[in-house]
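> My file is input_19.cif. It has mmCIF, C-alpha atoms:
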```cif
data_data
loop_
_atom_site.label_atom_id
_atom_site.label_comp_id
_atom_site.auth_asym_id
_atom_site.auth_seq_id
_atom_site.Cartn_x
_atom_site.Cartn_y
_atom_site.Cartn_z
CA MET A 1 2.58 -5.59 -106.84
CA ALA A 2 6.37 -5.54 -106.97
CA GLY A 3 6.43 -9.33 -107.36
CA GLU A 4 4.03 -9.16 -110.32
CA ILE A 5 6.15 -6.54 -112.07
CA GLN A 6 9.29 -8.63 -111.59
CA ALA A 7 7.56 -11.76 -112.89
CA VAL A 8 6.29 -10.01 -116.00
CA ALA A 9 9.61 -8.26 -116.54
CA GLY A 10 11.46 -11.56 -116.22
CA SER A 11 9.29 -13.08 -118.93
CA GLY A 12 10.40 -10.41 -121.42
CA CYS A 13 6.79 -9.56 -122.14
CA HIS A 14 6.38 -6.34 -124.08
CA ILE A 15 4.89 -5.08 -127.34
CA HIS A 16 7.85 -6.18 -129.48
CA SER A 17 8.13 -9.71 -128.08
CA VAL A 18 5.95 -12.73 -128.80
CA PRO A 19 2.57 -12.16 -130.53
CA GLY A 20 -0.30 -11.45 -128.20
CA CYS A 21 1.99 -10.31 -125.41
CA GLY A 22 1.05 -6.76 -124.48
CA PHE A 23 0.45 -4.50 -121.54
CA PRO A 24 0.09 -6.67 -118.38
CA ALA A 25 -3.09 -5.01 -117.13
CA PRO A 26 -3.81 -5.42 -113.41
CA GLY A 27 -7.05 -7.15 -112.52
CA LEU A 28 -8.59 -9.42 -109.93
CA HIS A 29 -5.45 -11.55 -109.99
CA SER A 30 -3.66 -8.61 -108.32
CA PHE A 31 -5.76 -9.27 -105.22
CA LYS A 32 -5.11 -13.00 -105.01
CA PHE A 33 -2.14 -14.44 -103.14
CA PRO A 34 -0.80 -17.97 -102.85
CA PRO A 35 -1.05 -19.38 -99.32
CA ILE A 36 1.93 -18.83 -97.06
CA PHE A 37 1.07 -22.12 -95.38
CA THR A 38 -1.96 -24.38 -95.06
CA ILE A 39 -3.25 -26.06 -91.91
CA GLY A 40 -6.15 -28.50 -91.98
CA GLY A 41 -7.24 -27.32 -95.41
CA HIS A 42 -7.28 -23.66 -94.30
CA SER A 43 -4.83 -21.34 -96.06
CA PHE A 44 -3.00 -18.47 -94.38
CA THR A 45 -2.35 -15.70 -96.92
CA LYS A 46 -0.56 -12.37 -97.12
CA PRO A 47 -3.68 -10.24 -96.34
CA MET A 48 -4.24 -12.28 -93.18
CA LEU A 49 -0.63 -11.74 -92.17
CA LEU A 50 -0.97 -8.00 -92.78
CA ALA A 51 -4.12 -7.92 -90.60
CA LEU A 52 -2.25 -9.58 -87.73
CA ILE A 53 0.73 -7.26 -88.15
CA CYS A 54 -1.49 -4.16 -88.19
CA ALA A 55 -3.42 -5.28 -85.12
CA GLY A 56 -0.11 -5.94 -83.38
CA LEU A 57 1.25 -2.52 -84.37
CA VAL A 58 -1.81 -0.70 -82.98
CA VAL A 59 -1.73 -2.66 -79.71
CA ALA A 60 2.05 -2.24 -79.36
CA PHE A 61 1.90 1.50 -79.99
CA PHE A 62 -0.79 2.25 -77.42
CA TRP A 63 0.76 -0.17 -74.93
CA THR A 64 4.08 1.64 -75.29
CA ALA A 65 2.39 5.04 -75.08
CA PHE A 66 0.40 4.37 -71.92
CA ALA A 67 2.23 1.59 -70.08
CA ARG A 68 3.80 4.22 -67.82
CA PRO A 69 1.85 7.44 -68.38
CA LYS A 70 3.40 10.68 -67.22
CA LEU A 71 1.71 13.91 -66.16
CA VAL A 72 3.55 15.78 -68.91
CA PRO A 73 3.33 13.54 -71.99
CA ARG A 74 6.26 13.10 -74.35
CA GLY A 75 7.17 10.90 -77.23
CA ALA A 76 4.77 8.01 -77.87
CA GLN A 77 2.44 9.11 -75.06
CA ASN A 78 2.09 12.54 -76.63
CA LEU A 79 1.21 11.01 -80.02
CA GLY A 80 -1.15 8.55 -78.39
CA GLU A 81 -3.02 11.28 -76.55
CA LEU A 82 -3.29 13.34 -79.73
CA GLY A 83 -4.79 10.36 -81.51
CA ILE A 84 -7.30 9.66 -78.74
CA LEU A 85 -8.30 13.31 -78.48
CA PHE A 86 -8.81 13.47 -82.23
CA VAL A 87 -11.21 10.52 -82.17
CA ARG A 88 -12.99 11.86 -79.09
CA ASP A 89 -13.37 15.47 -80.21
CA GLN A 90 -13.80 15.01 -83.99
CA ILE A 91 -15.74 11.74 -84.11
CA LEU A 92 -17.28 10.61 -80.83
CA ARG A 93 -18.48 13.84 -79.21
CA PRO A 94 -20.12 15.33 -82.33
CA MET A 95 -22.02 12.09 -83.00
CA MET A 96 -22.72 10.74 -79.51
CA GLY A 97 -22.09 13.50 -76.98
CA LYS A 98 -20.45 12.84 -73.62
CA ASN A 99 -22.84 9.94 -72.99
CA GLY A 100 -20.87 7.98 -75.59
CA ASP A 101 -17.47 8.32 -73.92
CA GLY A 102 -17.63 4.67 -72.85
CA TYR A 103 -17.28 3.71 -76.51
CA LEU A 104 -14.09 5.71 -77.01
CA PRO A 105 -11.70 2.69 -76.76
CA PHE A 106 -13.77 0.86 -79.39
CA LEU A 107 -13.76 3.81 -81.79
CA VAL A 108 -10.05 4.52 -81.26
CA SER A 109 -9.19 0.88 -81.99
CA LEU A 110 -11.45 0.85 -85.05
CA PHE A 111 -10.05 4.06 -86.53
CA PHE A 112 -6.37 3.23 -86.11
CA PHE A 113 -6.71 -0.40 -87.17
CA ILE A 114 -8.44 0.59 -90.43
CA TRP A 115 -5.98 3.41 -91.06
CA VAL A 116 -2.89 1.25 -90.51
CA MET A 117 -4.39 -1.51 -92.67
CA ASN A 118 -4.92 1.02 -95.46
CA VAL A 119 -1.45 2.52 -95.13
CA MET A 120 0.07 -0.90 -95.82
CA GLU A 121 -0.66 -0.18 -99.50
CA ILE A 122 2.35 2.14 -99.73
CA ILE A 123 4.70 0.32 -97.35
CA PRO A 124 7.54 -1.53 -99.16
CA LEU A 125 7.20 -5.33 -99.12
CA ALA A 126 3.60 -5.08 -97.91
CA GLN A 127 2.30 -2.97 -100.83
CA PHE A 128 -1.28 -4.10 -100.39
CA PRO A 129 -4.32 -2.63 -98.61
CA ALA A 130 -5.99 -5.61 -96.93
CA MET A 131 -9.25 -3.65 -96.78
CA SER A 132 -9.49 -4.12 -100.55
CA ARG A 133 -10.45 -7.73 -99.76
CA ILE A 134 -14.17 -7.59 -99.00
CA ALA A 135 -13.94 -10.07 -96.11
CA PHE A 136 -12.12 -7.58 -93.87
CA PRO A 137 -14.62 -4.69 -94.24
CA VAL A 138 -17.48 -7.18 -93.84
CA ALA A 139 -15.99 -8.54 -90.61
CA LEU A 140 -15.69 -5.00 -89.20
CA MET A 141 -19.19 -4.16 -90.41
CA LEU A 142 -20.67 -7.19 -88.64
CA MET A 143 -18.95 -6.17 -85.42
CA VAL A 144 -20.33 -2.62 -85.71
CA TYR A 145 -23.78 -3.90 -86.73
CA LEU A 146 -24.01 -6.20 -83.72
CA THR A 147 -22.80 -3.42 -81.43
CA TYR A 148 -25.38 -0.79 -82.36
CA THR A 149 -28.15 -3.41 -82.60
CA VAL A 150 -27.43 -4.76 -79.11
CA VAL A 151 -27.20 -1.22 -77.74
CA GLY A 152 -30.55 -0.31 -79.30
CA ILE A 153 -32.32 -3.43 -78.04
CA ARG A 154 -30.82 -3.00 -74.57
CA HIS A 155 -32.10 0.58 -74.34
CA MET A 156 -35.49 0.17 -76.05
CA GLY A 157 -36.35 -3.50 -75.91
CA LEU A 158 -36.80 -5.69 -78.99
CA GLY A 159 -40.21 -4.28 -79.93
CA GLY A 160 -39.19 -0.69 -79.23
CA TYR A 161 -36.05 -1.05 -81.31
CA PHE A 162 -37.99 -2.09 -84.42
CA ALA A 163 -40.78 0.41 -83.71
CA ASN A 164 -38.20 3.21 -83.55
CA MET A 165 -37.14 2.47 -87.13
CA VAL A 166 -40.47 3.72 -88.43
CA PRO A 167 -41.13 7.51 -88.44
CA LYS A 168 -43.89 8.70 -86.12
CA GLY A 169 -46.95 10.66 -87.27
CA VAL A 170 -46.92 9.40 -90.85
CA PRO A 171 -50.36 8.76 -92.47
CA GLY A 172 -51.30 5.09 -92.71
CA PRO A 173 -51.18 4.66 -96.52
CA ILE A 174 -47.76 6.29 -96.72
CA LEU A 175 -46.57 4.26 -93.72
CA LEU A 176 -47.28 1.04 -95.61
CA ILE A 177 -44.73 2.12 -98.20
CA LEU A 178 -42.28 3.90 -95.90
CA ALA A 179 -42.05 1.28 -93.14
CA PRO A 180 -40.41 -1.46 -95.25
CA VAL A 181 -37.98 1.09 -96.70
CA GLU A 182 -36.94 2.34 -93.25
CA VAL A 183 -36.59 -1.17 -91.84
CA ALA A 184 -34.49 -2.18 -94.86
CA GLN A 185 -32.32 0.89 -94.32
CA TYR A 186 -31.52 -0.15 -90.75
CA LEU A 187 -31.10 -3.86 -91.40
CA ILE A 188 -29.59 -3.97 -94.91
CA VAL A 189 -28.59 -0.62 -96.43
CA ARG A 190 -26.59 0.71 -93.48
CA PRO A 191 -24.37 -2.35 -92.98
CA PHE A 192 -24.03 -2.97 -96.73
CA THR A 193 -22.88 0.56 -97.57
CA LEU A 194 -20.61 0.68 -94.51
CA ALA A 195 -18.64 -2.31 -95.74
CA VAL A 196 -18.77 -1.66 -99.49
CA ARG A 197 -17.69 1.99 -99.22
CA LEU A 198 -14.43 1.04 -97.50
CA PHE A 199 -13.81 -1.97 -99.75
CA ALA A 200 -14.56 -0.15 -103.02
CA ASN A 201 -12.36 2.86 -102.29
CA MET A 202 -9.35 0.77 -101.32
CA PHE A 203 -9.92 -1.63 -104.24
CA ALA A 204 -10.14 1.21 -106.77
CA GLY A 205 -7.14 3.05 -105.35
CA HIS A 206 -4.96 -0.05 -105.49
CA ILE A 207 -6.01 -0.77 -109.09
CA LEU A 208 -5.17 2.79 -110.17
CA ILE A 209 -1.72 2.75 -108.58
CA ALA A 210 -1.06 -0.71 -110.05
CA VAL A 211 -2.09 0.42 -113.55
CA PHE A 212 0.31 3.35 -113.63
CA THR A 213 3.10 1.38 -111.93
CA PHE A 214 2.87 -1.34 -114.57
CA ALA A 215 2.58 1.31 -117.30
CA THR A 216 5.79 3.00 -116.09
CA TRP A 217 7.74 -0.22 -116.50
CA TYR A 218 5.95 -1.22 -119.71
CA LEU A 219 6.52 2.07 -121.54
CA PHE A 220 10.15 2.03 -120.48
CA SER A 221 10.64 -1.59 -121.58
CA ILE A 222 9.33 -1.12 -125.12
CA GLY A 223 11.85 1.63 -125.78
CA VAL A 224 9.45 4.48 -126.59
CA ASP A 225 10.15 8.07 -125.65
CA LEU A 226 11.08 8.12 -121.98
CA LEU A 227 8.74 11.09 -121.57
CA PHE A 228 5.77 8.69 -121.58
CA SER A 229 7.30 6.47 -118.93
CA ALA A 230 8.29 9.48 -116.82
CA THR A 231 4.76 10.92 -117.10
CA SER A 232 3.31 7.63 -115.90
CA PHE A 233 5.77 7.64 -113.00
CA VAL A 234 4.63 11.15 -112.02
CA PHE A 235 1.07 9.83 -111.94
CA VAL A 236 2.23 7.03 -109.61
CA ILE A 237 3.65 9.62 -107.20
CA ALA A 238 0.57 11.85 -107.42
CA LEU A 239 -1.85 8.94 -106.95
CA THR A 240 0.15 7.64 -104.00
CA ALA A 241 -0.07 11.05 -102.32
CA PHE A 242 -3.79 11.18 -103.05
CA GLU A 243 -4.20 7.64 -101.74
CA LEU A 244 -2.62 8.71 -98.45
CA LEU A 245 -5.51 11.13 -98.03
CA ILE A 246 -8.09 8.51 -99.03
CA GLN A 247 -6.64 5.98 -96.60
CA ALA A 248 -7.12 8.30 -93.64
CA LEU A 249 -10.46 9.59 -94.93
CA GLN A 250 -11.93 6.10 -95.25
CA ALA A 251 -10.88 5.24 -91.71
CA TYR A 252 -12.51 8.49 -90.54
CA ILE A 253 -15.75 7.89 -92.47
CA PHE A 254 -16.12 4.31 -91.26
CA THR A 255 -15.52 5.34 -87.65
CA ILE A 256 -17.76 8.42 -87.69
CA LEU A 257 -20.63 6.42 -89.22
CA THR A 258 -20.12 3.81 -86.52
CA ALA A 259 -20.35 6.54 -83.88
CA GLN A 260 -23.48 7.93 -85.54
CA TYR A 261 -25.21 4.54 -85.58
CA ILE A 262 -24.33 3.76 -81.96
CA GLY A 263 -25.29 7.30 -80.96
CA GLY A 264 -28.66 6.87 -82.63
CA SER A 265 -29.29 3.73 -80.59
CA LEU A 266 -28.30 5.55 -77.38
CA GLU A 267 -30.38 8.67 -78.01
CA ALA A 268 -33.48 6.74 -78.94
CA GLY A 269 -33.36 5.02 -75.61
CA HIS A 270 -33.74 8.21 -73.56
#
```
Once you've parsed the file, please lay out its structure as structure tokens.


Amino acid sequence: MAGEIQAVAGSGCHIHSVPGCGFPAPGLHSFKFPPIFTIGGHSFTKPMLLALICAGLVVAFFWTAFARPKLVPRGAQNLGELGILFVRDQILRPMMGKNGDGYLPFLVSLFFFIWVMNVMEIIPLAQFPAMSRIAFPVALMLMVYLTYTVVGIRHMGLGGYFANMVPKGVPGPILLILAPVEVAQYLIVRPFTLAVRLFANMFAGHILIAVFTFATWYLFSIGVDLLFSATSFVFVIALTAFELLIQALQAYIFTILTAQYIGGSLEAGH
């Protein structure tokens, strides 16, 4: 985002310059990045780099926190334990019960990876939420989808897994209509909404912050009353604070839905 503002600013583009040169509205181009390098026809871009950095940060933090655990936690270990307890008590246990404790490392990794990826939107130099690129939410969704599908088939068998999708005790004529809907919910609607919800929220949030950031510069550059530029800047601050909440909330929603889906596969097997 900062690079785009500098490029537009350097071109002298504002309302009083060349004809047809107006407000540089953010759009899909704000989510496209030139390759950092290319190997064998495959490009490595900024969002990919951010994903690797975020994964490394999560691994490094928990490695540092628990490499030498102490009976009385302090520092990184204390923060790490608080994070794990939050995921266990606020996400895993309500959705899966104690029987799901074996999935705690998976859910902890999922929650903190998504959260850190989202937070990159407000970090200087990064300034981009990689989850606003649909490929990243889809990759996580596929991992979650395969997990709860394998768990369900392992507990119920292939036939039992599909039979469990259909409500019991429903009259035959209604079942003919309801069965395809329920099967579609499990196989299509759940994974689709899981990925799109995360993508759409981060995409929309980034667009909003970009709009008011560009507007702050633009209104200042055309020499109108500074009140308009200052008002836009206040919106940037307010939206950034709101986005901090959304970033954490989307990580929470994605993880709690994952726990619910896996928990449903576990419960149905008993």

> How many Å separate CA of Ala130 in chain A from CA of Met117 in chain A?

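So the two atoms, CA of Ala130 in chain A and CA of Met117 in chain A, lie 6.1 Å apart.
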
> Env of range 59-72 of chain A: 12 Å cut, atoms = all atoms listed in the file, seq-sep filter 3 positions within chain, self excluded. Answer as a list in words.

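Here the answer would be Leu52, Ile53, Cys54, Ala55, Gly56, Gly75, Ala76, Gln77, Asn78, Leu79, Gly80, Glu81, Leu82, Gly83, Ile84, Pro105, Val108, Ser109, Leu110, Phe112, Phe113 and Val116 of chain A.
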
> Choose the residue, out of A:Ile256, A:Ile188, A:Ala179, A:Leu158, that has the smallest atom-to-atom separation from Tyr145 in chain A; count all atoms listed in the file.

A:Ile188

> Check what the PyMOL selection byres ((chain A and resi 198-204) around 7) selects in the file above and give those residues as an MDAnalysis selection string.

chainID A and resid 129 131:134 137 194:197 205:208 250

> Atoms to include: C-alpha atoms. Write the selected residues as a tab-separated table (two decimals), in the coordinates of the input.


```
chain	number	residue	atom	x	y	z
A	129	PRO	CA	-4.32	-2.63	-98.61
A	131	MET	CA	-9.25	-3.65	-96.78
A	132	SER	CA	-9.49	-4.12	-100.55
A	133	ARG	CA	-10.45	-7.73	-99.76
A	134	ILE	CA	-14.17	-7.59	-99.00
A	137	PRO	CA	-14.62	-4.69	-94.24
A	194	LEU	CA	-20.61	0.68	-94.51
A	195	ALA	CA	-18.64	-2.31	-95.74
A	196	VAL	CA	-18.77	-1.66	-99.49
A	197	ARG	CA	-17.69	1.99	-99.22
A	205	GLY	CA	-7.14	3.05	-105.35
A	206	HIS	CA	-4.96	-0.05	-105.49
A	207	ILE	CA	-6.01	-0.77	-109.09
A	208	LEU	CA	-5.17	2.79	-110.17
A	250	GLN	CA	-11.93	6.10	-95.25
```

> Can you tell me, as a list in words, what residues are no more than 9 Å from range 26-29 of chain A when counting all atoms listed in the file, ignoring any on the same chain fewer than 2 positions away?

Pro24, Phe31, Lys32, Phe33, Ile207, Leu208, Ala210, Val211 and Phe214 of chain A

> Would you mind reading off the distance between CA of Leu140 in chain A and CA of Pro167 in chain A, one decimal, in Å?

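CA of Pro167 in chain A lies at a distance of 28.4 Å from CA of Leu140 in chain A.
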
> Rounded to one decimal, what separation in Å do you get between CA of Leu85 in chain A and CA of Tyr148 in chain A?

22.5 Å

> With all atoms listed in the file as the atoms that count, which of A:Ala163, A:Leu92, A:Ile153, A:Ala241 lies nearest to Thr255 in chain A?

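Looking only at the distances to Thr255 in chain A, the closest residue turns out to be A:Leu92.
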
> Residues at most 7 Å from Thr45 in chain A, counting all atoms listed in the file, excluding those fewer than 4 positions away in the same chain, as a list in words?

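After dropping sequence-adjacent residues, the list is Phe33, Pro34, Pro35, Ile36 and Leu49 of chain A.
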
> Nearest residue to Thr240 in chain A out of A:Phe192, A:Ala139, A:Phe212, A:Phe162, using only C-alpha atoms?

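The shortest atom-to-atom distance to Thr240 in chain A comes from A:Phe212.
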
> Excluding Pro94 in chain A and any residue of its chain fewer than 5 positions from it, enumerate the residues within 9 Å of it, using only C-alpha atoms, and give them as a ChimeraX atom specification.

/A:88-89,259-260

> Excluding range 229-239 of chain A and residues on its chain fewer than 3 positions from it, collect all residues at most 7 Å away from it, counting all atoms listed in the file, and give them as an mmCIF file with C-alpha atoms, in the coordinates of the input.


```
data_model
loop_
_atom_site.group_PDB
_atom_site.id
_atom_site.type_symbol
_atom_site.label_atom_id
_atom_site.label_comp_id
_atom_site.auth_asym_id
_atom_site.auth_seq_id
_atom_site.Cartn_x
_atom_site.Cartn_y
_atom_site.Cartn_z
ATOM 1 C CA ILE A 209 -1.720 2.750 -108.580
ATOM 2 C CA PHE A 212 0.310 3.350 -113.630
ATOM 3 C CA THR A 213 3.100 1.380 -111.930
ATOM 4 C CA ALA A 215 2.580 1.310 -117.300
ATOM 5 C CA THR A 216 5.790 3.000 -116.090
ATOM 6 C CA LEU A 219 6.520 2.070 -121.540
ATOM 7 C CA PHE A 220 10.150 2.030 -120.480
ATOM 8 C CA LEU A 226 11.080 8.120 -121.980
ATOM 9 C CA PHE A 242 -3.790 11.180 -103.050
ATOM 10 C CA GLU A 243 -4.200 7.640 -101.740
#
```

> Which is closest to Phe136 in chain A among A:Ile246, A:Ile114, A:Leu187, A:Leu257, if we use all atoms listed in the file?

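Using all atoms listed in the file, the shortest distance to Phe136 in chain A belongs to A:Ile114.
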
> Tell me which residues the PyMOL selection byres ((chain A and resi 99) around 12) grabs here, as a VMD selection string.

chain A and resid 88 92 to 98 100 to 104 259 262 to 267 269 to 270

> Using all atoms listed in the file, which residue out of A:Phe111, A:Phe86, A:Phe44, A:Phe37 lies closest to Ala251 in chain A?

A:Phe111
